[in-house]
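Below is one structure; the comments refer to it alone.
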Amino acid sequence: MRSILVLTFVALLGGTGAVEAQQRTTSLTGLGGANEALVWQAVGRLDANGVGFCTATLIAPDLVLTAAHCVYSPTSNALLKAEDLTFRAGLRHGTSAAERQIAQIEAHPGYTPGQGSTAENIRHDVALLRLETPIPTHMLDPFVLFNERFAKGPVSVVSYGRGRAELPSRQAVCRMFDRYQGVVLMDCDVTFGSSGAPVFSHKNGRGQIISVISSVGRFEGKKVSFGMVLPQLVVDLKRQMRANKQSPPATARRITITNGTGRTTSTGGAKFVRPGGS
């Protein structure tokens, strides 16, 4: 059923020469050199205990962007527990540039787990994760979103994947060759584990994220990857995250009063409650 839905959706987009586009792409290259990998360290592996991994990207000191289907159990379709998720930024051969537990998960409400790669799910396949402890910008420089309208053309992808789980790989040039009602089609080389990987535009110098890898399918007999148009989705998720963020528990403090002699007298149990213990 999933493949039928994807193929039906792709057929609505019309032909734009996917074969020609693929001839202009570069191959996937592992970021094995330390200097080469340094630029992309804000991209990391998102590990889910007992489930597997996806790719994710730091977009603020305390926020990570990934695909919504990465935060649901593939067997029960239940939302995973935040404490079972770990973001390993720039992971290379077992060593991370920074490693953080996840404190909060927000998947876009337009995504429905268990319904597969429908057009509706692909265009909403985005989740935002809040880190338990922020990663300072002097350690890692977060990537920003590309907020302009982007045209068809060259993009790049950095991802982890099956067979390359310990080293990020980069495809320096692949192509976004069509878009339809919030869904983006690309000829980028992705596989299992690449879900959630950032798709970059290089229009303004350093890469800016224009989409996130959701799934793969077939178009004109060729393998294609699907993403979504991001900016408004991320705005929705940030609002959702603020609304759902738990306030720190209130802390009760006992007041003491000095009697002018340096001694203190208890107030007999009267307490002031200050949110956050401040």
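Residues are referred to by chain and number: the chain letter is A, B, ... according to the order shown in the structure tokens, the number counts from 1 in that chain, and ligands are numbered separately from 1 in the order shown.
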>> Among segment 70-277 of chain A, which ones does DSSP assign to alpha helix (DSSP H) (computed from the backbone)? Answer as a list in words.
In response: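 DSSP-assigned alpha helix (DSSP H) residues in segment 70-277 of chain A: Ala119, Glu120, Asn121, Ile122, Arg123, Pro231, Gln232, Leu233, Val234, Val235, Asp236, Leu237, Lys238, Arg239, Gln240, Met241, Arg242, Ala243 and Asn244 of chain A.
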Residues of the last selection are to be written out with C-alpha atoms, as a PDB file, in the first residue's frame.
```pdb
ATOM      1  CA  ALA A 119       1.708  12.715   0.262  1.00  0.00           C
ATOM      2  CA  GLU A 120       0.156  14.184   3.420  1.00  0.00           C
ATOM      3  CA  ASN A 121       2.671  12.418   5.656  1.00  0.00           C
ATOM      4  CA  ILE A 122       5.672  13.355   3.525  1.00  0.00           C
ATOM      5  CA  ARG A 123       4.840  17.064   3.585  1.00  0.00           C
ATOM      6  CA  PRO A 231       9.971  27.049   7.209  1.00  0.00           C
ATOM      7  CA  GLN A 232       6.314  27.155   8.295  1.00  0.00           C
ATOM      8  CA  LEU A 233       6.492  23.602   9.657  1.00  0.00           C
ATOM      9  CA  VAL A 234       9.365  24.577  11.949  1.00  0.00           C
ATOM     10  CA  VAL A 235       7.503  27.704  13.070  1.00  0.00           C
ATOM     11  CA  ASP A 236       4.547  25.448  13.966  1.00  0.00           C
ATOM     12  CA  LEU A 237       6.800  23.078  15.883  1.00  0.00           C
ATOM     13  CA  LYS A 238       8.522  25.821  17.869  1.00  0.00           C
ATOM     14  CA  ARG A 239       5.132  27.165  18.927  1.00  0.00           C
ATOM     15  CA  GLN A 240       4.029  23.662  19.845  1.00  0.00           C
ATOM     16  CA  MET A 241       7.222  23.112  21.817  1.00  0.00           C
ATOM     17  CA  ARG A 242       6.758  26.300  23.849  1.00  0.00           C
ATOM     18  CA  ALA A 243       3.153  25.367  24.616  1.00  0.00           C
ATOM     19  CA  ASN A 244       4.056  21.849  25.752  1.00  0.00           C
TER      20      ASN A 244
END
```
Considering only C-alpha atoms, tabulate each residue of segment 21-72 of chain A that lies at most 12 Å from segment 137-161 of chain A along with its nearest interatomic pair and the corresponding distance in Å to one decimal; arrange the rows by chain and ascending residue number and present them as a tab-separated table.
```
residue	atom	partner	partner_atom	distance
A:Ala21	CA	A:Gly153	CA	9.1
A:Gln22	CA	A:Pro154	CA	10.9
A:Arg24	CA	A:Pro154	CA	9.1
A:Thr25	CA	A:Pro154	CA	8.4
A:Thr26	CA	A:Ser156	CA	9.4
A:Ser27	CA	A:Ser156	CA	10.8
A:Leu28	CA	A:Val157	CA	9.1
A:Thr29	CA	A:Val158	CA	9.4
A:Gly30	CA	A:Val158	CA	9.4
A:Leu31	CA	A:Val158	CA	9.2
A:Ala37	CA	A:Val158	CA	10.2
A:Leu38	CA	A:Leu140	CA	9.4
A:Val39	CA	A:Asp141	CA	8.9
A:Trp40	CA	A:Val158	CA	7.7
A:Gln41	CA	A:Leu140	CA	7.0
A:Ala42	CA	A:Pro142	CA	5.8
A:Val43	CA	A:Val158	CA	7.3
A:Gly44	CA	A:Tyr160	CA	7.9
A:Arg45	CA	A:Tyr160	CA	6.7
A:Leu46	CA	A:Tyr160	CA	9.5
A:Asp47	CA	A:Tyr160	CA	11.1
A:Gly52	CA	A:Gly161	CA	10.6
A:Phe53	CA	A:Gly161	CA	8.5
A:Cys54	CA	A:Tyr160	CA	7.2
A:Thr55	CA	A:Ser159	CA	5.9
A:Ala56	CA	A:Ser159	CA	8.3
A:Thr57	CA	A:Phe143	CA	7.5
A:Leu58	CA	A:Pro142	CA	5.1
A:Ile59	CA	A:Pro142	CA	4.7
A:Ala60	CA	A:Pro142	CA	5.4
A:Pro61	CA	A:Thr137	CA	6.4
A:Asp62	CA	A:Pro142	CA	9.5
A:Leu63	CA	A:Pro142	CA	9.0
A:Val64	CA	A:Pro142	CA	9.1
A:Leu65	CA	A:Phe143	CA	10.0
A:Thr66	CA	A:Ser159	CA	11.2
```
> Using only C-alpha atoms, which residue out of A:Pro136, A:Gly227, A:Ala78, A:Thr112 lies closest to Tyr180 of chain A?
Replying inline: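 With only C-alpha atoms as the atom set, the closest residue is A:Gly227.
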Could you pull out all residues of segment 48-78 of chain A with a DSSP call of strand (DSSP E) and give them as a compact mmCIF listing (two decimals) with all heavy atoms, in the first residue's frame?
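Printed below is result.txt as written:
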```txt
# COMPACT_ATOMS: atom_id res chain seq x y z
N ALA A 48 18.00 5.78 18.81
CA ALA A 48 16.83 5.41 19.61
C ALA A 48 17.06 4.03 20.18
O ALA A 48 17.26 3.06 19.44
CB ALA A 48 15.57 5.42 18.74
N GLY A 52 16.88 1.85 16.48
CA GLY A 52 17.79 2.11 15.36
C GLY A 52 18.26 3.55 15.41
O GLY A 52 18.39 4.13 16.48
N PHE A 53 18.51 4.12 14.25
CA PHE A 53 18.99 5.49 14.21
C PHE A 53 18.47 6.21 12.97
O PHE A 53 18.06 5.60 11.99
CB PHE A 53 20.52 5.56 14.25
CG PHE A 53 21.20 5.03 12.99
CD1 PHE A 53 21.48 5.88 11.92
CD2 PHE A 53 21.53 3.69 12.88
CE1 PHE A 53 22.10 5.41 10.78
CE2 PHE A 53 22.13 3.21 11.73
CZ PHE A 53 22.42 4.06 10.68
N CYS A 54 18.50 7.54 13.06
CA CYS A 54 18.20 8.43 11.95
C CYS A 54 19.31 9.48 11.91
O CYS A 54 20.24 9.45 12.71
CB CYS A 54 16.84 9.11 12.13
SG CYS A 54 15.40 8.09 11.69
N THR A 55 19.18 10.42 10.99
CA THR A 55 20.07 11.57 10.94
C THR A 55 19.32 12.78 11.47
O THR A 55 18.10 12.87 11.32
CB THR A 55 20.55 11.82 9.49
OG1 THR A 55 21.15 10.61 8.98
CG2 THR A 55 21.56 12.94 9.42
N ALA A 56 20.01 13.69 12.13
CA ALA A 56 19.39 14.89 12.68
C ALA A 56 20.38 16.04 12.64
O ALA A 56 21.59 15.83 12.48
CB ALA A 56 18.91 14.63 14.11
N THR A 57 19.86 17.27 12.80
CA THR A 57 20.71 18.45 12.65
C THR A 57 20.44 19.47 13.75
O THR A 57 19.28 19.77 14.04
CB THR A 57 20.47 19.13 11.29
OG1 THR A 57 20.50 18.16 10.26
CG2 THR A 57 21.54 20.19 11.01
N LEU A 58 21.49 20.01 14.31
CA LEU A 58 21.38 21.08 15.29
C LEU A 58 21.02 22.38 14.58
O LEU A 58 21.74 22.83 13.68
CB LEU A 58 22.72 21.24 16.02
CG LEU A 58 22.74 22.13 17.26
CD1 LEU A 58 22.01 21.46 18.42
CD2 LEU A 58 24.19 22.44 17.65
N ILE A 59 19.87 23.00 14.96
CA ILE A 59 19.46 24.26 14.34
C ILE A 59 19.42 25.41 15.35
O ILE A 59 19.13 26.54 14.98
CB ILE A 59 18.10 24.13 13.62
CG1 ILE A 59 16.98 23.79 14.61
CG2 ILE A 59 18.19 23.10 12.50
CD1 ILE A 59 15.58 23.95 14.00
N ALA A 60 19.68 25.12 16.59
CA ALA A 60 19.82 26.10 17.67
C ALA A 60 20.59 25.37 18.77
O ALA A 60 20.69 24.14 18.75
CB ALA A 60 18.46 26.58 18.18
N LEU A 63 18.11 22.86 20.06
CA LEU A 63 17.09 22.28 19.18
C LEU A 63 17.70 21.45 18.06
O LEU A 63 18.68 21.87 17.42
CB LEU A 63 16.22 23.38 18.57
CG LEU A 63 15.37 24.23 19.51
CD1 LEU A 63 14.62 25.29 18.72
CD2 LEU A 63 14.40 23.35 20.30
N VAL A 64 17.10 20.31 17.82
CA VAL A 64 17.54 19.39 16.77
C VAL A 64 16.36 19.09 15.85
O VAL A 64 15.24 18.87 16.31
CB VAL A 64 18.08 18.08 17.39
CG1 VAL A 64 18.28 17.01 16.34
CG2 VAL A 64 19.41 18.35 18.10
N LEU A 65 16.63 19.09 14.55
CA LEU A 65 15.62 18.85 13.53
C LEU A 65 15.81 17.48 12.92
O LEU A 65 16.93 17.08 12.59
CB LEU A 65 15.75 19.92 12.44
CG LEU A 65 14.72 19.92 11.31
CD1 LEU A 65 13.34 20.33 11.82
CD2 LEU A 65 15.18 20.88 10.20
N THR A 66 14.71 16.73 12.76
CA THR A 66 14.78 15.41 12.13
C THR A 66 13.42 15.10 11.50
O THR A 66 12.54 15.97 11.43
CB THR A 66 15.19 14.34 13.17
OG1 THR A 66 15.48 13.11 12.47
CG2 THR A 66 14.09 14.09 14.19
```
> Expressed in Å to a single decimal, how great is the separation between atom CA of Pro109 of chain A and atom CA of His124 of chain A?
Replying inline: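 Taking atom CA of Pro109 of chain A as the start and atom CA of His124 of chain A as the end point, the length is 7.8 Å.
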> Taking only C-alpha atoms into account, which of A:Ser201, A:Ser211, A:Asn35, A:Ser73 comes nearest Gly182 of chain A?
Replying inline: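 Closest to Gly182 of chain A of all the choices is A:Ser211.
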> atom CA of Tyr72 of chain A and atom CA of Leu131 of chain A are how many Å apart?
Replying inline: 17.6 Å
>> Using Å and a single decimal, report how far atom CA of Met186 of chain A sits from atom CA of Asp125 of chain A.
In response: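 These two atoms are separated by 15.7 Å.
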>> So, with only C-alpha atoms as the atoms that count, which of A:Leu230, A:Val216, A:Ala172, A:Ile105 lies closest to Lys81 of chain A?
In response: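 Among the listed residues, A:Ile105 lies closest to Lys81 of chain A.
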>> At a cut-off of 10 Å, using only C-alpha atoms, what residues contact Glu99 of chain A? Leave out same-chain residues fewer than 3 positions from it and give the result as a ChimeraX atom specification.
In response: /A:44-46,86-91,95-96,102,131,133,135
Using the selection just defined, write its residues with C-alpha atoms as a tab-separated table (two decimals), in the first residue's frame.
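Output file out.tsv follows:
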```tsv
chain	number	residue	atom	x	y	z
A	44	GLY	CA	24.65	14.03	13.82
A	45	ARG	CA	23.17	10.61	14.40
A	46	LEU	CA	19.97	10.33	16.39
A	86	THR	CA	20.40	10.51	22.07
A	87	PHE	CA	21.81	13.06	19.63
A	88	ARG	CA	25.46	12.40	18.71
A	89	ALA	CA	26.67	15.44	16.81
A	90	GLY	CA	29.38	14.85	14.22
A	91	LEU	CA	29.74	11.17	15.17
A	95	THR	CA	33.56	9.72	18.78
A	96	SER	CA	31.09	12.63	18.87
A	102	ILE	CA	16.69	14.50	24.43
A	131	LEU	CA	18.17	18.85	24.10
A	133	THR	CA	21.50	20.54	27.86
A	135	ILE	CA	25.38	22.76	23.03
```
